[in-house]
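Report on one structure; see the data block that follows.
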2 protein chains.
Amino acid sequence: MRVTIKDVAKKSGFSITSVSLVLNNKETKIPESSRQLILSTAEELGYRPNRLAVGLLKKKTKLLGLVIPDNSNMFFSELSKSVEIAARKRGYSLIYGNTSDVYSRDYEYLKLFVDHQVDGIVITKSSHLPEKEDIRNLEFLQKNNVPFVVVDRQPKGFHSDMVTVNNTTGGYMATKYLIECGHRKIGCFTGPLGLTTSQQRLDGYKKALEEFNIRYDENLVVEGNFSSGFEDKAMSVFLNKKVTAVFCQNDIMAFGIYRAANKSGIKIPSQLSVIGYDNINLCDIVYPGLTTIHQPIDQIGEESVRILTKLIENSNQKIEAEVKELEPKLVIRNSIISIVEGE
Amino acid sequence: MRVTIKDVAKKSGFSITSVSLVLNNKETKIPESSRQLILSTAEELGYRPNRLAVGLLKKKTKLLGLVIPDNSNMFFSELSKSVEIAARKRGYSLIYGNTSDVYSRDYEYLKLFVDHQVDGIVITKSSHLPEKEDIRNLEFLQKNNVPFVVVDRQPKGFHSDMVTVNNTTGGYMATKYLIECGHRKIGCFTGPLGLTTSQQRLDGYKKALEEFNIRYDENLVVEGNFSSGFEDKAMSVFLNKKVTAVFCQNDIMAFGIYRAANKSGIKIPSQLSVIGYDNINLCDIVYPGLTTIHQPIDQIGEESVRILTKLIENSNQKIEAEVKELEPKLVIRNSIISIVEGE
DNA sequence: ATAGATTCTGTAAGCGTTTTCTCGGTTTTT
DNA sequence: AAAAACCGAGAAAACGCTTACAGAATCTAT
């Protein structure tokens with residue numbers, strides 16, 4: 001059986017109270033000699049407090065729940081990592097729910113986390129979560145008094161603490177850069193259009209076109225899924241429409257375009273310029289290096305946990321919901337070619 | 001405040017006992033009418049049992065701990081996902097510890113998990129964990145009576161339940177395939193040589209060479225880190241030695257070779273053949289598609305959790321440690337060229 | 001009618017902690 | 001020498017739940 005505080009008490013000859021007091025460094029008038037004895041027998045027995053018991057009593061578990069759509073998508077696996085790092089820095093650990101983008105699991109995991117009495121939750125919803133369920137989920141958390149922070153994908157019709165990267169700006173920066181490189185016919189390979197993320201990046205794309213007086217042509221927009229599988233279809237559309245550059249709404253889809261291009265004997269960047277989104281580790285490793293929009297993943301994790309722990313530690317007072325919007329950044333590598341002005 | 005069983009009891013007019021009995025579907029002679037009333041008020045109040053309380057009492061938390069070295073390495077992020085899927089299938093959730101390959105955190109997380117009274121632990125140790133600490137860690141778990149399964153990287157000097165993929169076979173298959181394609185001067189780009197994983201893959205490489213009477217030349221072996229950073233150094237060695245093919249001990253390093261090759265104007269596969277290891281999603285997406293050794297990640301997760309839950313459910317009886325060795329598989333894509341026999 | 005069997009429901013202990021309160025024993029003060 | 005002050009340490013309640021056990025109420029059989 002595991003060593004309990006009772007064992008330490010018995011062995012050291014003190015009461016449970018005294019042991020607890022000493023072990024928790026409470027200010028108390030227990031003489032140094034007793035103190036040392038207790039400390040050393042606890043050490044000797046390898047005593048570690050049972051967190052369930054402590055949690056039950058104190059109503060704090062130092063556990064955070066993390067819900068993400070897909071840990072095999074590098075953006076999210078890097079995000080998990082950054083959340084984990086930020087959490088451990090503050091003494092919290094993570095229970096982790098990967099929904100595999102099956103949206104009913106969002107709710108399942110939230111319930112589970114609540115049952116485990118997590119102190120707070122970081123959530124990025126599934127791609128196809130219906131608005132109604134989204135609201136139901138978050139209301140469930142509110143009703144149960146569990147602080148939470150929504151990350152990356154914004155809920156519709158619900159205002160809460162949130163950390164995002166400005167996707168409109170990101171889409172705008174990517175497109176503008178392509179235009180400045182002389183491109184006029186620019187394809188857009190989007191994520192699921194039900195997500196604010198995709199929609200906003202598309203908005204940025206449109207905004208940049210408009211600014212440079214380029215007509216927006218919806219036939220140059222192909223919807224993808226932030227993963228692979230649609231690149232061939234997209235490629236055939238782009239070739240057909242003779243685009244000279246493509247804005248891919250994430251890096252994985254950009255790699256898909258790399259492959260499709262190679263298959264069709266199209267050279268990147270000389271015949272087709274490509275820009276991605278996310279700046280995952282691999283961008284540096286592929287050839288040609290992928291020019292992309294950097295998302296500050298470490299900051300996202302850090303900010304989410306910062307806000308969440310703030311919420312937890314001030315759970316008595318109602319604070320105005322904090323929305324942290326981070327800025328994306330253009331990272332230039334070698335997947336884009338500048339074409340001569342006027343031709 | 002959260003709804004407790006007491007609230008349900010009060011509201012429905014029954015005792016706590018009756019409510020618990022009904023809610024847990026215990027066989028009992030509570031009449032259907034009372035039963036229904038209890039069920040409906042529980043539902044109405046949105047009652048969910050507090051897992052801390054249940055765990056404290058039953059000494060079962062339905063929580064599994066997962067320790068992995070680096071979630072930003074795709075092999076491990078896919079592994080986390082597969083472990084998670086296997087766990088949820090059996091009603092367990094995951095507390096998740098990413099050590100970022102800082103080996104002191106292996107122990108930290110194990111302690112934490114024990115404190116949280118997890119029912120069992122799945123562990124893949126950090127790359128540079130000294131043997132002594134490795135043993136200390138696993139003995140700690142034994143002493144605390146926490147079942148565990150070691151995955152992928154084997155501990156030295158400790159026998160326990162384990163799931164691995166046969167790395168020797170994998171290295172052998174990769175090398176043999178290159179030889180059969182006519183290659184004779186084959187470079188080997190390894191992982192950290194302190195890991196059994198790397199060592200065994202190297203053994204397989206040697207074994208294949210030997211089988212075909214090719215002299216093993218240690219100058220063709222370059223140690224990497226399973227990540228990026230050493231590819232340029234490796235490439236210069238390989239070019240210098242005029243190898244025609246490279247066996248990379250994981251896919252990420254193979255992608256590194258892709259890049260280094262491109263930088264030096266070397267074409268893959270026509271001028272240099274490359275084989276990887278792991279078969280992560282990206283292999284299909286890069287160009288040319290990477291021929292590689294497939295590791296059955298889903299099976300690894302499934303087997304680990306299967307063994308672990310078996311251990312948990314039979315924790316009374318001592319069972320012989322189960323070592324499950326899975327088989328790797330060659331996946332042929334387009335990164336290897338066959339060279340004419342004799343020239 | 002009364003004992004015995006059968007249904008139903010409640011009491012209470014216990015899981016491992018923390019923390020408030022109380023109390024016995026010293027020492028100090030007058 | 002008696003009262004006051006102080007020090008050190010333990011008893012007990014509480015957190016939310018499960019479950020063995022006891023008990024009340026109803027019904028059956030003699």
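If you're wondering about the labels, chains in the structure tokens are A, B, ... by order shown, residues count from 1 in each chain, ligands from 1 in order shown.
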
*When you get a sec, could you note down which chain A residues fall within 10 Å of chain C, using only C-alpha atoms (C1' of nucleotides), as a PyMOL selection string?*
chain A and resi 4-6+16-17+20-21+24+49-58

Can you list every residue of chain B that has an atom at most 8 Å from chain A, with its nearest atom pair and the distance in Å to one decimal, using only C-alpha atoms, ordered by chain then number, as a tab-separated table?
```
residue	atom	partner	partner_atom	distance
B:Met1	CA	A:Asn144	CA	7.5
B:Arg2	CA	A:Asn144	CA	6.1
B:Arg48	CA	A:Asp115	CA	6.5
B:Pro49	CA	A:Asp115	CA	6.5
B:Asn50	CA	A:Asp115	CA	5.3
B:Arg51	CA	A:His116	CA	5.2
B:Leu52	CA	A:Leu52	CA	5.2
B:Ala53	CA	A:Leu56	CA	6.4
B:Gly55	CA	A:Leu52	CA	7.1
B:Leu56	CA	A:Leu52	CA	6.0
B:Asp70	CA	A:Lys81	CA	8.0
B:Asn71	CA	A:Ser77	CA	6.0
B:Ser72	CA	A:Glu78	CA	5.2
B:Met74	CA	A:Ser72	CA	7.1
B:Ser77	CA	A:Ser72	CA	5.8
B:Glu78	CA	A:Ser72	CA	5.2
B:Ser80	CA	A:Asn71	CA	7.7
B:Lys81	CA	A:Asn71	CA	6.1
B:Glu84	CA	A:Asn98	CA	7.2
B:Ser93	CA	A:Ile95	CA	7.6
B:Leu94	CA	A:Ile95	CA	5.8
B:Ile95	CA	A:Ile95	CA	4.3
B:Tyr96	CA	A:Leu94	CA	5.9
B:Gly97	CA	A:Leu94	CA	7.5
B:Asn98	CA	A:Lys81	CA	6.9
B:Asp115	CA	A:Asn50	CA	5.4
B:His116	CA	A:Arg51	CA	5.2
B:Gln117	CA	A:Asn50	CA	7.2
B:Asn144	CA	A:Arg2	CA	6.1
B:Asn145	CA	A:Met1	CA	7.5
B:Ser228	CA	A:Ile285	CA	7.8
B:Phe255	CA	A:Ile285	CA	6.0
B:Gly256	CA	A:Ile285	CA	5.5
B:Tyr258	CA	A:Val286	CA	7.1
B:Arg259	CA	A:Tyr287	CA	5.4
B:Asn262	CA	A:Tyr287	CA	6.8
B:Ile285	CA	A:Gly256	CA	5.5
B:Val286	CA	A:Arg259	CA	5.8
B:Tyr287	CA	A:Arg259	CA	5.4
B:Pro288	CA	A:Arg259	CA	7.7
```

Do you have, as a tab-separated table, the list of residues of chain D lying at most 8 Å from chain B, each with its nearest atom pair and that distance in Å to one decimal, counting only C-alpha atoms (C1' of nucleotides) and ordered by chain then number?
```
residue	atom	partner	partner_atom	distance
D:DG16	C1'	B:Ala53	CA	5.1
D:DC17	C1'	B:Ala53	CA	5.3
D:DT18	C1'	B:Leu57	CA	7.2
```

Just N, CA, C and O atoms (P, O5', C5', C4', C3', O3' and C1' of nucleotides) for this one: save the residues we selected as an mmCIF file, in the first residue's frame.
```
data_model
loop_
_atom_site.group_PDB
_atom_site.id
_atom_site.type_symbol
_atom_site.label_atom_id
_atom_site.label_comp_id
_atom_site.auth_asym_id
_atom_site.auth_seq_id
_atom_site.Cartn_x
_atom_site.Cartn_y
_atom_site.Cartn_z
ATOM 1 P P DG D 16 -18.444 18.831 -1.266
ATOM 2 O "O5'" DG D 16 -18.547 17.377 -1.877
ATOM 3 C "C5'" DG D 16 -17.764 17.052 -3.012
ATOM 4 C "C4'" DG D 16 -17.887 15.569 -3.262
ATOM 5 C "C3'" DG D 16 -19.314 15.066 -3.398
ATOM 6 O "O3'" DG D 16 -19.388 14.336 -4.611
ATOM 7 C "C1'" DG D 16 -18.138 13.741 -1.838
ATOM 8 P P DC D 17 -20.677 13.562 -5.067
ATOM 9 O "O5'" DC D 17 -20.352 12.087 -4.596
ATOM 10 C "C5'" DC D 17 -19.383 11.345 -5.339
ATOM 11 C "C4'" DC D 17 -18.943 10.149 -4.549
ATOM 12 C "C3'" DC D 17 -19.927 9.000 -4.483
ATOM 13 O "O3'" DC D 17 -19.641 8.136 -5.575
ATOM 14 C "C1'" DC D 17 -18.716 9.332 -2.434
ATOM 15 P P DT D 18 -20.620 6.878 -5.843
ATOM 16 O "O5'" DT D 18 -20.110 5.787 -4.806
ATOM 17 C "C5'" DT D 18 -18.872 5.150 -5.036
ATOM 18 C "C4'" DT D 18 -18.632 4.104 -3.983
ATOM 19 C "C3'" DT D 18 -19.562 2.900 -4.036
ATOM 20 O "O3'" DT D 18 -18.737 1.761 -3.851
ATOM 21 C "C1'" DT D 18 -19.620 3.849 -1.869
#
```

Chain A on chain B, least-squares, complete ordered Cα pairing, as a short mmCIF file (atom, residue, chain, number, x, y, z; two decimals) with C-alpha atoms, in the first residue's frame:
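So the final result, stored in result-v5.cif, reads:
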```
data_model
loop_
_atom_site.label_atom_id
_atom_site.label_comp_id
_atom_site.auth_asym_id
_atom_site.auth_seq_id
_atom_site.Cartn_x
_atom_site.Cartn_y
_atom_site.Cartn_z
CA MET A 1 -21.27 25.33 -6.30
CA ARG A 2 -21.26 22.06 -8.07
CA VAL A 3 -24.17 19.69 -7.76
CA THR A 4 -23.40 16.85 -5.35
CA ILE A 5 -25.15 13.66 -4.56
CA LYS A 6 -26.45 15.33 -1.46
CA ASP A 7 -28.33 17.84 -3.56
CA VAL A 8 -29.94 15.09 -5.53
CA ALA A 9 -30.89 13.32 -2.32
CA LYS A 10 -32.43 16.40 -0.81
CA LYS A 11 -34.35 17.39 -3.90
CA SER A 12 -35.68 13.92 -4.57
CA GLY A 13 -36.42 13.28 -0.92
CA PHE A 14 -34.37 10.11 -0.67
CA SER A 15 -31.23 9.33 1.24
CA ILE A 16 -27.76 9.62 -0.21
CA THR A 17 -27.51 5.86 -0.13
CA SER A 18 -30.52 5.30 -2.27
CA VAL A 19 -29.37 7.83 -4.79
CA SER A 20 -25.95 6.29 -5.03
CA LEU A 21 -27.40 2.83 -5.35
CA VAL A 22 -29.69 3.80 -8.17
CA LEU A 23 -27.16 5.90 -10.01
CA ASN A 24 -24.65 3.09 -9.96
CA ASN A 25 -27.16 0.53 -11.10
CA LYS A 26 -26.55 -1.63 -8.11
CA GLU A 27 -28.98 -4.46 -7.74
CA THR A 28 -31.26 -3.37 -5.01
CA LYS A 29 -34.90 -3.56 -4.14
CA ILE A 30 -35.70 0.06 -4.66
CA PRO A 31 -39.06 0.24 -6.45
CA GLU A 32 -39.21 1.46 -9.96
CA SER A 33 -41.10 4.60 -9.01
CA SER A 34 -38.43 5.81 -6.58
CA ARG A 35 -35.83 4.82 -9.09
CA GLN A 36 -37.33 6.96 -11.80
CA LEU A 37 -37.70 9.91 -9.50
CA ILE A 38 -34.08 9.73 -8.48
CA LEU A 39 -32.91 9.32 -12.03
CA SER A 40 -34.93 12.24 -13.28
CA THR A 41 -33.89 14.66 -10.56
CA ALA A 42 -30.25 13.70 -11.08
CA GLU A 43 -30.70 14.42 -14.75
CA GLU A 44 -32.53 17.63 -14.08
CA LEU A 45 -29.86 18.91 -11.73
CA GLY A 46 -27.12 17.83 -14.13
CA TYR A 47 -25.48 15.76 -11.45
CA ARG A 48 -22.12 14.17 -12.24
CA PRO A 49 -20.16 12.24 -9.64
CA ASN A 50 -17.00 13.84 -8.35
CA ARG A 51 -14.17 11.66 -9.55
CA LEU A 52 -11.86 12.74 -6.82
CA ALA A 53 -14.22 11.43 -4.18
CA VAL A 54 -14.79 8.22 -6.08
CA GLY A 55 -11.09 7.79 -6.71
CA LEU A 56 -10.22 8.36 -3.11
CA LEU A 57 -12.62 5.71 -2.02
CA LYS A 58 -12.20 3.12 -4.72
CA LYS A 59 -8.52 3.71 -5.35
CA LYS A 60 -9.16 3.76 -9.06
CA THR A 61 -9.11 6.95 -11.06
CA LYS A 62 -9.47 5.73 -14.64
CA LEU A 63 -6.55 7.98 -15.39
CA LEU A 64 -3.42 6.90 -17.23
CA GLY A 65 -0.16 8.82 -17.27
CA LEU A 66 1.75 9.25 -20.49
CA VAL A 67 5.37 10.34 -20.53
CA ILE A 68 6.90 11.18 -23.88
CA PRO A 69 10.07 12.99 -24.87
CA ASP A 70 8.83 15.44 -27.43
CA ASN A 71 5.40 16.09 -28.77
CA SER A 72 6.77 18.27 -31.55
CA ASN A 73 8.41 15.20 -33.04
CA MET A 74 5.74 13.70 -35.25
CA PHE A 75 6.51 10.15 -34.27
CA PHE A 76 5.63 10.97 -30.71
CA SER A 77 2.69 13.18 -31.45
CA GLU A 78 1.19 10.40 -33.50
CA LEU A 79 2.06 7.99 -30.72
CA SER A 80 0.31 10.18 -28.14
CA LYS A 81 -2.70 10.22 -30.34
CA SER A 82 -2.77 6.48 -30.72
CA VAL A 83 -2.32 5.92 -27.00
CA GLU A 84 -5.10 8.33 -26.33
CA ILE A 85 -7.42 6.58 -28.72
CA ALA A 86 -6.66 3.19 -27.23
CA ALA A 87 -7.16 4.55 -23.73
CA ARG A 88 -10.47 6.21 -24.38
CA LYS A 89 -11.73 3.05 -26.01
CA ARG A 90 -11.30 1.42 -22.63
CA GLY A 91 -12.71 4.24 -20.58
CA TYR A 92 -9.45 5.76 -19.47
CA SER A 93 -8.22 9.31 -19.89
CA LEU A 94 -4.72 10.57 -20.14
CA ILE A 95 -2.58 12.88 -18.09
CA TYR A 96 0.16 13.88 -20.31
CA GLY A 97 3.78 14.75 -19.65
CA ASN A 98 6.02 16.07 -22.35
CA THR A 99 9.57 16.13 -21.06
CA SER A 100 10.97 18.16 -23.96
CA ASP A 101 13.73 15.60 -23.72
CA VAL A 102 14.96 17.09 -20.46
CA TYR A 103 15.59 13.85 -18.68
CA SER A 104 15.12 15.00 -15.11
CA ARG A 105 11.50 15.55 -16.01
CA ASP A 106 10.92 11.88 -16.54
CA TYR A 107 11.13 11.40 -12.81
CA GLU A 108 9.21 14.57 -12.05
CA TYR A 109 6.30 13.45 -14.14
CA LEU A 110 6.30 9.97 -12.73
CA LYS A 111 6.08 11.37 -9.23
CA LEU A 112 3.33 13.71 -10.26
CA PHE A 113 1.36 10.93 -11.85
CA VAL A 114 1.72 8.78 -8.79
CA ASP A 115 0.50 11.66 -6.66
CA HIS A 116 -2.54 11.92 -8.88
CA GLN A 117 -3.15 8.22 -8.30
CA VAL A 118 -3.13 7.27 -11.94
CA ASP A 119 -4.06 3.67 -12.52
CA GLY A 120 -1.10 3.07 -14.81
CA ILE A 121 1.64 4.68 -16.83
CA VAL A 122 2.89 4.49 -20.41
CA ILE A 123 6.42 5.74 -20.69
CA THR A 124 8.93 6.49 -23.40
CA LYS A 125 12.00 7.83 -21.72
CA SER A 126 14.06 10.85 -22.68
CA SER A 127 16.93 10.45 -25.08
CA HIS A 128 19.76 10.99 -22.68
CA LEU A 129 18.42 9.46 -19.52
CA PRO A 130 21.33 7.85 -17.67
CA GLU A 131 20.92 4.15 -16.99
CA LYS A 132 20.99 4.72 -13.25
CA GLU A 133 18.11 7.14 -13.32
CA ASP A 134 16.21 4.93 -15.67
CA ILE A 135 16.33 2.11 -13.18
CA ARG A 136 15.57 4.43 -10.28
CA ASN A 137 12.50 5.70 -12.11
CA LEU A 138 11.06 2.31 -12.85
CA GLU A 139 11.83 1.02 -9.38
CA PHE A 140 9.98 4.01 -8.02
CA LEU A 141 6.91 2.92 -9.91
CA GLN A 142 7.26 -0.65 -8.73
CA LYS A 143 7.62 0.45 -5.14
CA ASN A 144 4.47 2.49 -5.48
CA ASN A 145 2.62 -0.37 -7.05
CA VAL A 146 1.79 1.51 -10.20
CA PRO A 147 1.59 -0.70 -13.29
CA PHE A 148 3.53 0.62 -16.24
CA VAL A 149 4.47 -0.22 -19.79
CA VAL A 150 7.69 0.89 -21.41
CA VAL A 151 7.34 1.88 -25.03
CA ASP A 152 9.76 2.04 -27.89
CA ARG A 153 12.98 2.76 -26.02
CA GLN A 154 14.15 -0.08 -23.87
CA PRO A 155 15.60 0.43 -20.43
CA LYS A 156 18.94 -1.20 -19.82
CA GLY A 157 19.24 -3.49 -16.85
CA PHE A 158 15.53 -3.64 -16.15
CA HIS A 159 12.99 -6.16 -17.25
CA SER A 160 9.41 -5.01 -17.53
CA ASP A 161 6.34 -5.04 -19.68
CA MET A 162 7.24 -3.45 -22.92
CA VAL A 163 6.12 -2.66 -26.44
CA THR A 164 8.67 -2.11 -29.15
CA VAL A 165 9.09 -2.43 -32.82
CA ASN A 166 11.91 -4.66 -33.90
CA ASN A 167 14.51 -2.07 -34.75
CA THR A 168 17.16 -4.50 -35.81
CA THR A 169 14.83 -5.92 -38.40
CA GLY A 170 13.91 -2.41 -39.47
CA GLY A 171 17.51 -1.39 -39.99
CA TYR A 172 18.16 -4.63 -41.74
CA MET A 173 15.21 -4.28 -44.10
CA ALA A 174 16.13 -0.74 -45.03
CA THR A 175 19.73 -1.57 -45.74
CA LYS A 176 19.00 -4.80 -47.52
CA TYR A 177 16.59 -3.01 -49.82
CA LEU A 178 19.23 -0.45 -50.72
CA ILE A 179 21.71 -3.22 -51.41
CA GLU A 180 19.24 -5.07 -53.55
CA CYS A 181 18.78 -1.89 -55.53
CA GLY A 182 22.45 -2.14 -56.32
CA HIS A 183 23.89 0.24 -53.75
CA ARG A 184 27.20 -0.67 -52.17
CA LYS A 185 28.37 2.48 -50.50
CA ILE A 186 25.61 3.24 -48.06
CA GLY A 187 25.71 5.97 -45.47
CA CYS A 188 23.93 5.66 -42.14
CA PHE A 189 22.54 8.73 -40.43
CA THR A 190 21.66 7.59 -36.91
CA GLY A 191 19.73 8.84 -33.90
CA PRO A 192 21.41 9.40 -30.54
CA LEU A 193 23.60 6.36 -30.07
CA GLY A 194 22.79 6.17 -26.39
CA LEU A 195 19.35 4.87 -27.31
CA THR A 196 18.73 1.19 -27.89
CA THR A 197 16.54 2.27 -30.77
CA SER A 198 19.42 3.83 -32.69
CA GLN A 199 21.84 1.13 -31.70
CA GLN A 200 19.56 -1.63 -32.90
CA ARG A 201 18.81 0.03 -36.21
CA LEU A 202 22.55 0.33 -36.67
CA ASP A 203 22.92 -3.35 -35.85
CA GLY A 204 20.42 -4.15 -38.57
CA TYR A 205 22.42 -2.03 -40.98
CA LYS A 206 25.59 -3.93 -40.14
CA LYS A 207 23.85 -7.26 -40.38
CA ALA A 208 22.61 -6.54 -43.89
CA LEU A 209 26.05 -5.39 -45.02
CA GLU A 210 27.62 -8.50 -43.63
CA GLU A 211 25.11 -10.74 -45.30
CA PHE A 212 26.08 -9.27 -48.64
CA ASN A 213 29.77 -9.26 -47.89
CA ILE A 214 30.09 -5.52 -47.80
CA ARG A 215 32.71 -4.26 -45.42
CA TYR A 216 31.30 -2.14 -42.59
CA ASP A 217 32.93 1.28 -42.65
CA GLU A 218 32.37 3.34 -39.56
CA ASN A 219 33.26 6.46 -41.48
CA LEU A 220 29.98 6.17 -43.30
CA VAL A 221 28.07 6.45 -40.05
CA VAL A 222 27.06 9.89 -38.77
CA GLU A 223 25.29 10.41 -35.49
CA GLY A 224 22.27 12.72 -35.51
CA ASN A 225 19.59 13.54 -32.98
CA PHE A 226 16.33 12.34 -34.55
CA SER A 227 15.60 15.96 -35.32
CA SER A 228 17.15 18.55 -37.60
CA GLY A 229 20.47 20.29 -37.22
CA PHE A 230 23.06 17.72 -38.26
CA GLU A 231 22.07 17.24 -41.87
CA ASP A 232 24.68 19.53 -43.36
CA LYS A 233 27.47 17.87 -41.51
CA ALA A 234 26.12 14.46 -42.47
CA MET A 235 25.75 15.49 -46.08
CA SER A 236 29.30 16.66 -46.37
CA VAL A 237 30.53 13.37 -44.97
CA PHE A 238 28.37 11.40 -47.36
CA LEU A 239 29.44 13.44 -50.39
CA ASN A 240 33.03 13.13 -49.39
CA LYS A 241 32.78 9.39 -49.13
CA LYS A 242 30.82 9.17 -52.38
CA VAL A 243 27.95 7.17 -50.96
CA THR A 244 25.13 6.47 -53.39
CA ALA A 245 22.49 5.93 -50.76
CA VAL A 246 21.71 6.92 -47.20
CA PHE A 247 19.78 5.12 -44.52
CA CYS A 248 18.30 7.77 -42.22
CA GLN A 249 17.13 6.48 -38.89
CA ASN A 250 14.06 8.63 -38.95
CA ASP A 251 12.02 10.53 -41.49
CA ILE A 252 12.72 13.98 -40.16
CA MET A 253 16.44 13.43 -40.65
CA ALA A 254 15.71 12.14 -44.12
CA PHE A 255 13.91 15.38 -44.90
CA GLY A 256 16.99 17.13 -43.61
CA ILE A 257 19.03 15.22 -46.14
CA TYR A 258 16.53 16.25 -48.81
CA ARG A 259 17.19 19.83 -48.02
CA ALA A 260 20.95 19.50 -47.76
CA ALA A 261 20.95 17.67 -51.08
CA ASN A 262 18.97 20.39 -52.75
CA LYS A 263 21.30 22.98 -51.36
CA SER A 264 24.25 21.17 -52.89
CA GLY A 265 22.43 20.65 -56.15
CA ILE A 266 22.24 16.92 -55.64
CA LYS A 267 19.13 15.29 -57.10
CA ILE A 268 17.17 12.72 -55.16
CA PRO A 269 16.92 9.93 -56.11
CA SER A 270 18.97 10.12 -59.30
CA GLN A 271 22.16 11.15 -57.60
CA LEU A 272 21.45 10.06 -54.07
CA SER A 273 18.98 7.51 -52.80
CA VAL A 274 17.42 8.02 -49.40
CA ILE A 275 15.46 5.77 -47.12
CA GLY A 276 13.83 6.96 -43.91
CA TYR A 277 12.29 5.41 -40.84
CA ASP A 278 8.90 5.83 -39.12
CA ASN A 279 6.61 6.51 -42.07
CA ILE A 280 5.09 9.66 -40.67
CA ASN A 281 2.29 11.34 -42.59
CA LEU A 282 4.59 13.72 -44.36
CA CYS A 283 6.43 11.00 -46.29
CA ASP A 284 3.61 11.02 -48.73
CA ILE A 285 3.54 14.75 -49.05
CA VAL A 286 7.16 15.55 -49.79
CA TYR A 287 8.69 15.05 -53.17
CA PRO A 288 9.96 12.62 -54.07
CA GLY A 289 7.83 10.47 -51.81
CA LEU A 290 10.08 9.03 -49.14
CA THR A 291 10.68 5.31 -49.13
CA THR A 292 10.80 4.37 -45.50
CA ILE A 293 10.35 1.78 -42.80
CA HIS A 294 6.86 1.87 -41.43
CA GLN A 295 6.36 1.70 -37.70
CA PRO A 296 2.87 0.54 -36.75
CA ILE A 297 2.17 3.46 -34.45
CA ASP A 298 -1.49 2.68 -33.98
CA GLN A 299 -0.60 -0.81 -32.95
CA ILE A 300 2.02 0.43 -30.54
CA GLY A 301 -0.56 2.58 -28.79
CA GLU A 302 -3.13 -0.15 -28.82
CA GLU A 303 -0.79 -2.81 -27.47
CA SER A 304 0.63 -0.56 -24.78
CA VAL A 305 -2.77 0.24 -23.44
CA ARG A 306 -3.95 -3.32 -23.80
CA ILE A 307 -1.08 -4.61 -21.72
CA LEU A 308 -1.39 -1.78 -19.24
CA THR A 309 -5.07 -2.31 -18.62
CA LYS A 310 -4.49 -6.02 -18.30
CA LEU A 311 -1.93 -5.22 -15.63
CA ILE A 312 -4.32 -2.87 -13.88
CA GLU A 313 -7.21 -5.26 -13.89
CA ASN A 314 -5.15 -8.16 -12.61
CA SER A 315 -3.05 -6.18 -10.21
CA ASN A 316 -3.56 -8.81 -7.53
CA GLN A 317 -1.78 -11.61 -9.33
CA LYS A 318 1.81 -11.45 -10.46
CA ILE A 319 1.98 -12.08 -14.17
CA GLU A 320 5.11 -12.68 -16.18
CA ALA A 321 6.17 -9.43 -17.84
CA GLU A 322 4.88 -9.26 -21.38
CA VAL A 323 7.16 -8.01 -24.10
CA LYS A 324 5.40 -7.27 -27.33
CA GLU A 325 7.63 -6.85 -30.30
CA LEU A 326 5.94 -5.53 -33.40
CA GLU A 327 7.25 -5.85 -36.91
CA PRO A 328 8.28 -2.94 -39.11
CA LYS A 329 7.41 -2.87 -42.77
CA LEU A 330 9.10 -1.49 -45.86
CA VAL A 331 7.10 1.17 -47.67
CA ILE A 332 8.36 1.89 -51.14
CA ARG A 333 7.93 5.33 -52.67
CA ASN A 334 10.24 7.26 -54.95
CA SER A 335 13.35 8.26 -53.09
CA ILE A 336 15.47 5.34 -54.18
CA ILE A 337 16.90 4.54 -57.57
CA SER A 338 18.01 1.15 -58.72
CA ILE A 339 21.51 1.25 -60.13
CA VAL A 340 22.69 -1.10 -62.81
CA GLU A 341 24.33 -4.20 -61.44
CA GLY A 342 28.07 -4.29 -61.92
CA GLU A 343 28.56 -0.60 -62.40
#
```

_Taking only region 33-217 of chain B into account, list the residues labelled alpha helix (DSSP H) by DSSP (computed from the backbone), as a PyMOL selection string._
chain B and resi 33-45+51-58+74-89+104-115+131-143+167-180+196-211

*Can you check which residues of region 194-255 of chain B DSSP gives as strand (DSSP E) on the backbone and send them as a ChimeraX atom specification?*
/B:221-223,245-248
